[in-house]
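Raw structure.pdb, PDB, C-alpha atoms:
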```
MODEL        1
ATOM      1  CA  MET Z  11       8.566 -25.016 -15.867
ATOM      2  CA  GLU Z  12       4.838 -25.589 -15.702
ATOM      3  CA  GLU Z  13       4.211 -21.847 -15.838
ATOM      4  CA  VAL Z  14       6.402 -21.541 -18.947
ATOM      5  CA  GLY Z  15       4.306 -24.300 -20.535
ATOM      6  CA  LYS Z  16       1.118 -22.367 -19.734
ATOM      7  CA  GLY Z  17       2.604 -19.169 -21.129
ATOM      8  CA  LYS Z  18       2.523 -17.412 -17.764
ATOM      9  CA  ILE Z  19       6.303 -17.013 -17.844
ATOM     10  CA  LYS Z  20       8.047 -16.168 -21.097
ATOM     11  CA  ILE Z  21      11.662 -17.241 -21.625
ATOM     12  CA  THR Z  22      12.922 -17.502 -25.217
ATOM     13  CA  PRO Z  23      14.870 -19.483 -26.155
ATOM     14  CA  PHE Z  24      13.947 -21.881 -23.360
ATOM     15  CA  ASP Z  25      15.954 -24.980 -22.466
ATOM     16  CA  LYS Z  26      14.801 -27.364 -19.732
ATOM     17  CA  LYS Z  27      18.335 -28.075 -18.601
ATOM     18  CA  ARG Z  28      18.803 -24.472 -17.424
ATOM     19  CA  ILE Z  29      16.047 -24.798 -14.839
ATOM     20  CA  THR Z  30      17.475 -24.788 -11.323
ATOM     21  CA  THR Z  31      15.618 -25.624  -8.119
ATOM     22  CA  ASN Z  32      14.083 -22.153  -7.866
ATOM     23  CA  SER Z  33      15.365 -20.086 -10.783
ATOM     24  CA  TYR Z  34      16.362 -20.225 -14.446
ATOM     25  CA  ASP Z  35      19.955 -19.746 -15.650
ATOM     26  CA  LEU Z  36      20.538 -16.961 -18.153
ATOM     27  CA  ARG Z  37      23.287 -16.669 -20.754
ATOM     28  CA  LEU Z  38      25.246 -13.603 -21.804
ATOM     29  CA  GLY Z  39      24.265 -12.090 -25.151
ATOM     30  CA  ASP Z  40      27.042 -11.154 -27.605
ATOM     31  CA  LYS Z  41      26.781  -7.340 -27.454
ATOM     32  CA  LEU Z  42      28.312  -4.920 -24.964
ATOM     33  CA  ILE Z  43      27.995  -1.188 -24.392
ATOM     34  CA  ARG Z  44      30.838   0.974 -23.159
ATOM     35  CA  TYR Z  45      29.963   4.568 -22.244
ATOM     36  CA  THR Z  46      32.237   7.230 -23.717
ATOM     37  CA  SER Z  47      30.724  10.297 -21.977
ATOM     38  CA  LYS Z  48      33.184  11.801 -19.474
ATOM     39  CA  ILE Z  49      30.472  12.749 -17.009
ATOM     40  CA  MET Z  50      27.218  10.837 -16.895
ATOM     41  CA  ASP Z  51      24.409  13.381 -16.787
ATOM     42  CA  PRO Z  52      20.935  11.873 -16.361
ATOM     43  CA  LYS Z  53      19.478  14.892 -18.229
ATOM     44  CA  LYS Z  54      21.508  14.129 -21.366
ATOM     45  CA  GLU Z  55      21.527  11.138 -23.675
ATOM     46  CA  PRO Z  56      24.706   9.206 -22.850
ATOM     47  CA  LYS Z  57      27.326   8.608 -25.560
ATOM     48  CA  PHE Z  58      28.460   5.013 -25.950
ATOM     49  CA  LYS Z  59      30.164   2.450 -28.163
ATOM     50  CA  LEU Z  60      28.435  -0.827 -29.054
ATOM     51  CA  MET Z  61      30.826  -3.794 -29.300
ATOM     52  CA  SER Z  62      30.522  -7.489 -30.128
ATOM     53  CA  ILE Z  63      32.040 -10.169 -27.928
ATOM     54  CA  PRO Z  64      34.140 -12.436 -30.192
ATOM     55  CA  PRO Z  65      33.833 -16.238 -29.715
ATOM     56  CA  GLU Z  66      37.280 -16.294 -28.087
ATOM     57  CA  GLY Z  67      36.046 -13.878 -25.427
ATOM     58  CA  ILE Z  68      36.861 -10.392 -24.225
ATOM     59  CA  ASN Z  69      38.669  -9.266 -21.069
ATOM     60  CA  MET Z  70      37.308  -6.864 -18.495
ATOM     61  CA  LYS Z  71      39.842  -5.118 -16.298
ATOM     62  CA  ALA Z  72      39.217  -4.718 -12.595
ATOM     63  CA  GLY Z  73      37.080  -1.593 -12.256
ATOM     64  CA  ASP Z  74      35.578  -1.793 -15.776
ATOM     65  CA  PHE Z  75      31.882  -1.018 -16.133
ATOM     66  CA  LEU Z  76      29.989  -2.280 -19.206
ATOM     67  CA  LEU Z  77      26.400  -3.001 -20.097
ATOM     68  CA  GLY Z  78      25.624  -6.459 -21.431
ATOM     69  CA  SER Z  79      22.387  -8.302 -21.856
ATOM     70  CA  THR Z  80      20.883 -11.705 -21.405
ATOM     71  CA  LYS Z  81      20.717 -13.845 -24.533
ATOM     72  CA  GLU Z  82      17.201 -14.825 -23.524
ATOM     73  CA  LYS Z  83      14.165 -12.592 -23.692
ATOM     74  CA  ILE Z  84      12.311 -12.864 -20.437
ATOM     75  CA  GLY Z  85       9.171 -11.549 -18.831
ATOM     76  CA  SER Z  86       5.855 -12.402 -17.255
ATOM     77  CA  ASP Z  87       2.398 -10.876 -17.063
ATOM     78  CA  PHE Z  88       1.684 -12.927 -13.909
ATOM     79  CA  TYR Z  89       4.876 -12.933 -11.810
ATOM     80  CA  VAL Z  90       7.573 -10.412 -10.855
ATOM     81  CA  PRO Z  91      11.033 -11.386 -12.167
ATOM     82  CA  ILE Z  92      14.167 -10.658 -10.146
ATOM     83  CA  ILE Z  93      17.656 -10.936 -11.671
ATOM     84  CA  HIS Z  94      20.545 -12.411  -9.677
ATOM     85  CA  ALA Z  95      24.116 -13.258 -10.487
ATOM     86  CA  LYS Z  96      25.058 -16.892 -10.610
ATOM     87  CA  SER Z  97      27.163 -17.527  -7.557
ATOM     88  CA  GLY Z  98      29.980 -18.660  -9.866
ATOM     89  CA  THR Z  99      29.868 -15.269 -11.621
ATOM     90  CA  ALA Z 100      29.951 -13.435  -8.304
ATOM     91  CA  ARG Z 101      32.852 -15.590  -7.092
ATOM     92  CA  MET Z 102      34.830 -14.459 -10.161
ATOM     93  CA  GLY Z 103      34.408 -10.902  -8.894
ATOM     94  CA  LEU Z 104      31.798  -9.875 -11.458
ATOM     95  CA  PHE Z 105      28.630  -7.966 -10.574
ATOM     96  CA  VAL Z 106      25.771  -8.492 -13.055
ATOM     97  CA  HIS Z 107      23.669  -5.688 -11.672
ATOM     98  CA  ILE Z 108      24.694  -2.972  -9.292
ATOM     99  CA  THR Z 109      21.388  -1.789  -7.942
ATOM    100  CA  ALA Z 110      18.333  -2.671  -9.994
ATOM    101  CA  ASP Z 111      17.457  -6.341  -9.789
ATOM    102  CA  LEU Z 112      13.681  -5.921  -9.832
ATOM    103  CA  ILE Z 113      11.835  -6.194 -13.152
ATOM    104  CA  ASP Z 114       8.357  -4.776 -13.733
ATOM    105  CA  ILE Z 115       5.546  -7.227 -14.267
ATOM    106  CA  GLY Z 116       4.543  -7.093 -17.943
ATOM    107  CA  SER Z 117       7.947  -6.073 -19.250
ATOM    108  CA  PHE Z 118       9.500  -8.361 -21.851
ATOM    109  CA  GLY Z 119      12.854  -8.346 -23.604
ATOM    110  CA  ASN Z 120      16.575  -9.005 -23.207
ATOM    111  CA  ALA Z 121      17.424  -7.918 -19.669
ATOM    112  CA  THR Z 122      20.273  -5.400 -19.529
ATOM    113  CA  LEU Z 123      23.092  -6.466 -17.210
ATOM    114  CA  GLN Z 124      25.155  -3.835 -15.396
ATOM    115  CA  LEU Z 125      28.531  -5.570 -15.557
ATOM    116  CA  TYR Z 126      31.088  -4.377 -13.057
ATOM    117  CA  ALA Z 127      34.355  -6.284 -12.631
ATOM    118  CA  THR Z 128      36.106  -6.173  -9.268
ATOM    119  CA  LEU Z 129      38.820  -8.541 -10.589
ATOM    120  CA  PRO Z 130      40.036  -9.131 -14.148
ATOM    121  CA  VAL Z 131      37.476 -11.416 -15.827
ATOM    122  CA  ARG Z 132      36.925 -12.839 -19.302
ATOM    123  CA  LEU Z 133      33.484 -12.738 -20.880
ATOM    124  CA  TYR Z 134      32.360 -15.251 -23.500
ATOM    125  CA  PRO Z 135      29.195 -14.973 -25.581
ATOM    126  CA  GLY Z 136      26.609 -17.479 -24.371
ATOM    127  CA  MET Z 137      28.291 -18.114 -21.020
ATOM    128  CA  LEU Z 138      25.999 -18.767 -18.073
ATOM    129  CA  ILE Z 139      26.098 -15.497 -16.164
ATOM    130  CA  ALA Z 140      22.872 -14.767 -14.293
ATOM    131  CA  GLN Z 141      19.636 -16.281 -13.108
ATOM    132  CA  VAL Z 142      16.083 -15.101 -12.852
ATOM    133  CA  SER Z 143      13.525 -15.961 -10.205
ATOM    134  CA  PHE Z 144       9.782 -15.261 -10.325
ATOM    135  CA  TRP Z 145       7.731 -13.942  -7.413
ATOM    136  CA  LYS Z 146       4.034 -14.006  -6.758
ATOM    137  CA  PRO Z 147       2.317 -10.610  -6.724
ATOM    138  CA  GLN Z 148      -0.442  -9.444  -4.376
ATOM    139  CA  GLY Z 149      -3.099  -7.162  -5.839
ATOM    140  CA  LYS Z 150      -4.460  -6.162  -9.204
ATOM    141  CA  ILE Z 151      -1.864  -6.302 -11.963
ATOM    142  CA  ILE Z 152      -1.306  -3.326 -14.243
ATOM    143  CA  LEU Z 153       1.290  -4.256 -16.845
ATOM    144  CA  TYR Z 154       4.509  -2.377 -17.585
ATOM    145  CA  ASN Z 155       4.439  -0.164 -20.620
ATOM    146  CA  GLY Z 156       7.655   1.800 -20.140
ATOM    147  CA  LYS Z 157      10.601   2.990 -22.111
ATOM    148  CA  TYR Z 158      12.600  -0.256 -22.069
ATOM    149  CA  GLN Z 159       9.800  -2.521 -23.362
ATOM    150  CA  ASN Z 160      10.936  -5.088 -25.975
ATOM    151  CA  SER Z 161      14.614  -4.388 -25.338
ATOM    152  CA  GLN Z 162      16.995  -5.895 -27.902
ATOM    153  CA  GLY Z 163      20.473  -6.464 -26.517
ATOM    154  CA  PRO Z 164      21.927  -4.080 -23.937
ATOM    155  CA  MET Z 165      20.042  -0.780 -23.631
ATOM    156  CA  ALA Z 166      21.808   2.373 -22.453
ATOM    157  CA  SER Z 167      20.061   4.500 -19.860
ATOM    158  CA  MET Z 168      17.112   6.564 -21.107
ATOM    159  CA  THR Z 169      16.815   8.585 -17.959
ATOM    160  CA  HIS Z 170      17.056  11.832 -20.005
ATOM    161  CA  LYS Z 171      13.534  11.104 -21.262
ATOM    162  CA  ASP Z 172      12.201  11.677 -17.748
ATOM    163  CA  PHE Z 173      13.373  15.288 -17.815
ATOM    164  CA  ASP Z 174      11.781  16.206 -21.198
TER     165      ASP Z 174
ATOM    166  CA  MET U  17       4.398 -11.956  -2.087
ATOM    167  CA  ILE U  18       5.255  -8.603  -3.612
ATOM    168  CA  LEU U  19       2.623  -5.859  -3.811
ATOM    169  CA  THR U  20       1.517  -4.640  -7.215
ATOM    170  CA  GLY U  21       1.306  -0.903  -7.895
ATOM    171  CA  SER U  22      -2.461  -0.849  -7.458
ATOM    172  CA  GLU U  23      -2.116  -2.723  -4.146
ATOM    173  CA  ILE U  24       0.473  -0.160  -2.944
ATOM    174  CA  ILE U  25      -2.090   2.603  -3.656
ATOM    175  CA  LYS U  26      -4.818   0.662  -1.814
ATOM    176  CA  GLU U  27      -2.677  -0.139   1.216
ATOM    177  CA  ARG U  28      -1.462   3.473   1.403
ATOM    178  CA  GLU U  29      -5.066   4.681   1.476
ATOM    179  CA  LYS U  30      -5.714   2.271   4.352
ATOM    180  CA  GLY U  31      -2.702   3.629   6.225
ATOM    181  CA  ASN U  32      -0.729   0.393   6.008
ATOM    182  CA  ILE U  33       1.925   2.058   3.853
ATOM    183  CA  ILE U  34       3.298   5.567   4.328
ATOM    184  CA  ILE U  35       4.717   7.463   1.339
ATOM    185  CA  GLU U  36       4.731  11.258   1.743
ATOM    186  CA  PRO U  37       4.586  13.180  -0.509
ATOM    187  CA  PHE U  38       2.874  10.730  -2.843
ATOM    188  CA  PHE U  39       2.185  11.078  -6.580
ATOM    189  CA  MET U  40       0.252   8.582  -8.701
ATOM    190  CA  LYS U  41       2.642   9.045 -11.610
ATOM    191  CA  GLN U  42       5.476   7.574  -9.556
ATOM    192  CA  ILE U  43       3.679   4.228  -9.208
ATOM    193  CA  ASN U  44       5.206   1.324 -11.181
ATOM    194  CA  PRO U  45       3.663  -2.111 -11.875
ATOM    195  CA  ASN U  46       5.244  -3.520  -8.683
ATOM    196  CA  SER U  47       7.085  -0.669  -6.934
ATOM    197  CA  TYR U  48       7.086   3.085  -6.282
ATOM    198  CA  ASN U  49       9.668   5.513  -7.708
ATOM    199  CA  TYR U  50      11.200   7.593  -4.923
ATOM    200  CA  ARG U  51      13.090  10.853  -5.327
ATOM    201  CA  LEU U  52      16.439  12.115  -4.072
ATOM    202  CA  GLY U  53      16.302  14.488  -1.094
ATOM    203  CA  HIS U  54      18.340  17.694  -0.980
ATOM    204  CA  LYS U  55      21.007  16.827   1.571
ATOM    205  CA  LEU U  56      24.182  14.926   0.810
ATOM    206  CA  LYS U  57      26.978  13.776   3.085
ATOM    207  CA  ILE U  58      30.477  13.636   1.646
ATOM    208  CA  PHE U  59      33.119  11.421   3.205
ATOM    209  CA  LEU U  60      36.065  13.426   4.524
ATOM    210  CA  HIS U  61      38.456  11.091   6.305
ATOM    211  CA  PHE U  62      38.823   8.073   8.530
ATOM    212  CA  LYS U  63      40.440   8.762  11.888
ATOM    213  CA  ASN U  64      40.655   6.716  15.098
ATOM    214  CA  GLY U  65      38.363   4.108  13.608
ATOM    215  CA  LYS U  66      35.663   6.660  12.741
ATOM    216  CA  SER U  67      34.501   8.097   9.432
ATOM    217  CA  ARG U  68      33.901  11.846   9.193
ATOM    218  CA  PHE U  69      31.412  13.305   6.746
ATOM    219  CA  LYS U  70      30.586  16.850   5.624
ATOM    220  CA  GLU U  71      26.973  17.739   4.812
ATOM    221  CA  ILE U  72      26.017  19.848   1.791
ATOM    222  CA  VAL U  73      22.792  20.840   0.047
ATOM    223  CA  ILE U  74      22.717  19.580  -3.544
ATOM    224  CA  PRO U  75      22.447  22.663  -5.801
ATOM    225  CA  LYS U  76      19.623  22.892  -8.373
ATOM    226  CA  GLU U  77      22.112  22.736 -11.237
ATOM    227  CA  GLY U  78      23.337  19.367  -9.958
ATOM    228  CA  PHE U  79      26.350  17.921  -8.205
ATOM    229  CA  VAL U  80      28.905  15.533  -9.715
ATOM    230  CA  LEU U  81      29.691  12.418  -7.678
ATOM    231  CA  ARG U  82      33.304  11.296  -8.081
ATOM    232  CA  PRO U  83      33.868   7.615  -8.861
ATOM    233  CA  LYS U  84      34.670   5.011  -6.217
ATOM    234  CA  GLN U  85      33.799   7.298  -3.336
ATOM    235  CA  MET U  86      30.847   6.750  -1.059
ATOM    236  CA  TYR U  87      28.240   9.459  -0.510
ATOM    237  CA  LEU U  88      25.219   9.366   1.742
ATOM    238  CA  GLY U  89      21.991  10.791   0.408
ATOM    239  CA  HIS U  90      18.404  10.384   1.512
ATOM    240  CA  THR U  91      14.973   9.902   0.047
ATOM    241  CA  LEU U  92      12.846  13.020  -0.354
ATOM    242  CA  GLU U  93       9.843  10.969   0.725
ATOM    243  CA  THR U  94       9.092   9.679   4.173
ATOM    244  CA  ILE U  95       8.553   5.971   3.547
ATOM    245  CA  GLY U  96       7.586   3.066   5.757
ATOM    246  CA  SER U  97       5.085   0.441   6.716
ATOM    247  CA  LYS U  98       3.837  -1.183   9.883
ATOM    248  CA  LYS U  99       2.620  -4.180   7.918
ATOM    249  CA  TYR U 100       5.004  -4.892   5.036
ATOM    250  CA  ALA U 101       8.724  -5.465   4.604
ATOM    251  CA  MET U 102      10.400  -3.140   2.147
ATOM    252  CA  SER U 103      13.178  -3.456  -0.397
ATOM    253  CA  LEU U 104      14.722  -0.189  -1.520
ATOM    254  CA  ILE U 105      16.893  -0.253  -4.643
ATOM    255  CA  GLY U 106      18.111   2.087  -7.368
ATOM    256  CA  ARG U 107      16.194   2.330 -10.604
ATOM    257  CA  SER U 108      17.578   0.553 -13.624
ATOM    258  CA  SER U 109      18.116   3.863 -15.450
ATOM    259  CA  MET U 110      20.583   4.921 -12.731
ATOM    260  CA  GLY U 111      22.198   1.484 -12.473
ATOM    261  CA  ARG U 112      22.748   1.622 -16.215
ATOM    262  CA  LEU U 113      24.664   4.872 -15.685
ATOM    263  CA  GLY U 114      26.899   3.128 -13.165
ATOM    264  CA  LEU U 115      25.405   4.374  -9.906
ATOM    265  CA  PHE U 116      25.168   1.982  -6.971
ATOM    266  CA  LEU U 117      22.263   2.994  -4.752
ATOM    267  CA  GLN U 118      22.280   0.942  -1.593
ATOM    268  CA  VAL U 119      25.564  -0.925  -1.639
ATOM    269  CA  SER U 120      24.240  -4.157  -0.233
ATOM    270  CA  ALA U 121      21.598  -3.408   2.390
ATOM    271  CA  ASN U 122      18.327  -3.070   0.526
ATOM    272  CA  LEU U 123      15.983  -4.561   3.119
ATOM    273  CA  GLY U 124      14.015  -2.158   5.298
ATOM    274  CA  HIS U 125      12.539  -3.064   8.669
ATOM    275  CA  THR U 126       8.795  -3.341   8.966
ATOM    276  CA  THR U 127       7.551  -0.537  11.292
ATOM    277  CA  SER U 128      10.386   1.921  10.600
ATOM    278  CA  ILE U 129       9.015   5.063   8.928
ATOM    279  CA  HIS U 130      11.383   7.850   7.875
ATOM    280  CA  GLN U 131      13.376   9.386   5.040
ATOM    281  CA  TRP U 132      15.766   6.597   4.120
ATOM    282  CA  THR U 133      19.510   7.041   3.934
ATOM    283  CA  LEU U 134      20.937   6.091   0.533
ATOM    284  CA  GLU U 135      24.471   4.775   0.139
ATOM    285  CA  MET U 136      25.685   5.968  -3.223
ATOM    286  CA  VAL U 137      28.806   4.853  -5.088
ATOM    287  CA  ALA U 138      29.416   5.928  -8.691
ATOM    288  CA  LEU U 139      31.512   3.900 -11.124
ATOM    289  CA  LYS U 140      31.854   6.882 -13.483
ATOM    290  CA  PRO U 141      31.489  10.590 -12.654
ATOM    291  CA  ILE U 142      27.746  11.203 -12.528
ATOM    292  CA  LYS U 143      25.611  14.275 -11.984
ATOM    293  CA  ILE U 144      22.745  14.088  -9.532
ATOM    294  CA  TYR U 145      19.906  16.593  -9.118
ATOM    295  CA  PRO U 146      17.802  17.262  -6.020
ATOM    296  CA  GLY U 147      14.295  15.858  -6.378
ATOM    297  CA  MET U 148      15.175  13.568  -9.294
ATOM    298  CA  ILE U 149      13.666  10.086  -9.418
ATOM    299  CA  ILE U 150      16.533   7.899  -8.362
ATOM    300  CA  GLY U 151      15.224   4.538  -7.179
ATOM    301  CA  GLN U 152      12.303   2.363  -6.348
ATOM    302  CA  ILE U 153      10.864   0.703  -3.304
ATOM    303  CA  SER U 154       8.860  -2.512  -3.253
ATOM    304  CA  PHE U 155       6.663  -3.892  -0.484
ATOM    305  CA  TRP U 156       6.586  -7.549   0.573
ATOM    306  CA  LYS U 157       4.187  -9.533   2.703
ATOM    307  CA  ASN U 158       5.585 -10.834   6.001
ATOM    308  CA  TYR U 159       4.928 -14.274   7.431
ATOM    309  CA  GLY U 160       4.687 -14.469  11.215
ATOM    310  CA  ASN U 161       4.051 -11.872  13.904
ATOM    311  CA  VAL U 162       5.507  -8.420  13.345
ATOM    312  CA  SER U 163       7.326  -6.933  16.343
ATOM    313  CA  LYS U 164       8.290  -3.261  16.416
ATOM    314  CA  TYR U 165      11.699  -2.180  15.075
ATOM    315  CA  SER U 166      13.617  -0.661  17.969
ATOM    316  CA  GLY U 167      16.890  -0.099  16.178
ATOM    317  CA  LYS U 168      19.125   2.906  16.116
ATOM    318  CA  PHE U 169      18.556   4.202  12.598
ATOM    319  CA  GLY U 170      14.748   4.276  12.465
ATOM    320  CA  LYS U 171      14.414   7.865  13.615
ATOM    321  CA  PHE U 172      16.741   9.518  11.101
ATOM    322  CA  ASN U 173      15.470  11.608   8.214
ATOM    323  CA  ASP U 174      18.759  13.219   7.187
ATOM    324  CA  PRO U 175      21.511  11.149   5.597
ATOM    325  CA  GLN U 176      22.851   9.239   8.569
ATOM    326  CA  GLU U 177      26.304   7.698   8.731
ATOM    327  CA  PHE U 178      27.187   4.527  10.572
ATOM    328  CA  LEU U 179      26.991   4.757  14.389
ATOM    329  CA  ILE U 180      29.978   2.750  15.495
ATOM    330  CA  ASP U 181      29.419   3.407  19.218
ATOM    331  CA  LYS U 182      26.128   1.602  19.048
ATOM    332  CA  ILE U 183      26.881  -1.405  16.938
ATOM    333  CA  PHE U 184      28.157  -3.604  19.768
ATOM    334  CA  ILE U 185      25.580  -2.568  22.347
ATOM    335  CA  ASN U 186      22.804  -5.007  22.868
TER     336      ASN U 186
ENDMDL
END
```
Spell out the structure here as structure tokens.
Amino acid sequence: MEEVGKGKIKITPFDKKRITTNSYDLRLGDKLIRYTSKIMDPKKEPKFKLMSIPPEGINMKAGDFLLGSTKEKIGSDFYVPIIHAKSGTARMGLFVHITADLIDIGSFGNATLQLYATLPVRLYPGMLIAQVSFWKPQGKIILYNGKYQNSQGPMASMTHKDFD
Amino acid sequence: MILTGSEIIKEREKGNIIIEPFFMKQINPNSYNYRLGHKLKIFLHFKNGKSRFKEIVIPKEGFVLRPKQMYLGHTLETIGSKKYAMSLIGRSSMGRLGLFLQVSANLGHTTSIHQWTLEMVALKPIKIYPGMIIGQISFWKNYGNVSKYSGKFGKFNDPQEFLIDKIFIN
């Protein structure tokens, strides 16, 4: 909390009551991405549909894979953020990321969540879904300036840009 | 503490981190982007309590992973450290395409140095290419004395399946 006050950690909007003992609780933003490409090819831009989550919620079937995002914009030029599920989310059978929990120091924006349901689950906009922890780095810091900087809402993969 | 990109470069020059081959452009602010090696093991069947795999070489034009099936790949790079603990994960660009890279075991043992086996599970059909950047590895400072890893998987460079015969031996 102190580091947020000093501007060393950025979380917007920030609410004191979402601070936990060693992390900050994140809410689900109201947009989702569903891929429509039959085969995902990292060399090609993926096709997808952008949807809104209505206030009454939206169901995910077991096996569904969607991209969501955190409602908060997060980042730090001083610490390394790592995204985790809330244990309640995980106990529902919902993964919030499937492989990439580590965020680059210097990146800022809505974090994209890789939502994978192992059981039927219902998503509501603004629900508490994930948490972020911040880790101390060792060494000189060179800030992130990559392709997902200033992400707004869920961002589909831009891996095709690596092959240009 | 997690090493920044510039610290990874420094510690590699000192010999405390091994990444071979190494390219500056694969350095991130707090990790290194590793590439996918050429060999892939495909699960065949489960018989008498053992899993059988078939090994292929991933063709240049790519290979499509079928959903909900596990494949074993490996890193192109030889990676390790005698000083730091390592966490090997997929990159967000691949996670966003629905590819699990490392199903749940991301932590590498300090002192093991080899081409790492990757457990890959796709949620949608996905094409992979040999040599593509597929994940990232971060390096973490240990507290306490480091003893040498003497486990069974440290010497493997090719994708290596589970060794059931050895799991109960102590």
> Which residues of chain Z are close to chain U, meaning at most 7 Å apart when you count all atoms listed in the file, and how do they look as a ChimeraX atom specification?
Replying inline: /Z:49-52,108-110,114-115,124,145-154,166-169
>> Given all atoms listed in the file as the basis, pick out the residue of U:Lys66, U:His61, U:His125, U:Lys30 nearest to Met86 (chain U).
In response: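 Smallest distance to Met86 (chain U) is found for U:His61.
You can rank U:Phe39, U:Tyr100, U:Tyr165, U:Phe172 by their closest distance to Arg51 (chain U) using all atoms listed in the file, and at the top of that list sits U:Phe39.
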> Could you pull the residues within 7 Å of region 61-73 of chain Z, counting all atoms listed in the file, minus those fewer than 2 positions along the same chain, as a PyMOL selection string?
Replying inline: chain Z and resi 40-43+59+75+126-135
Shell of 7 Å around Leu125 (chain Z), all atoms listed in the file, local chain residues under 6 positions omitted, as a tab-separated table (two decimals) with C-alpha atoms, keeping the file's coordinate frame:
```
chain	number	residue	atom	x	y	z
Z	75	PHE	CA	31.88	-1.02	-16.13
Z	76	LEU	CA	29.99	-2.28	-19.21
Z	77	LEU	CA	26.40	-3.00	-20.10
Z	78	GLY	CA	25.62	-6.46	-21.43
Z	104	LEU	CA	31.80	-9.88	-11.46
Z	105	PHE	CA	28.63	-7.97	-10.57
Z	106	VAL	CA	25.77	-8.49	-13.06
Z	107	HIS	CA	23.67	-5.69	-11.67
```
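With only C-alpha atoms as the atoms that count, the minimum distance from Ala100 (chain Z) to the choices Z:Ser161, Z:Asn155, Z:Ser47, Z:Gln141 is reached by Z:Gln141.
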> By how many Å are CA of Leu88 (chain U) and CA of Lys164 (chain U) apart?
Replying inline: 25.7 Å
>> Assuming the chain letters and numbering stay as they are in my file, what does the PyMOL selection byres ((chain Z and resi 112) around 7) actually select? List them as a ChimeraX atom specification.
In response: /Z:91-93,110-111,113-114
> So how far away is CA of Met102 (chain U) from CA of Thr122 (chain Z), in Å?
Replying inline: 23.9 Å
> If you measure from CA of Thr127 (chain U) to CA of Tyr89 (chain Z), what distance in Å do you get, rounded to one decimal?
Replying inline: 26.4 Å
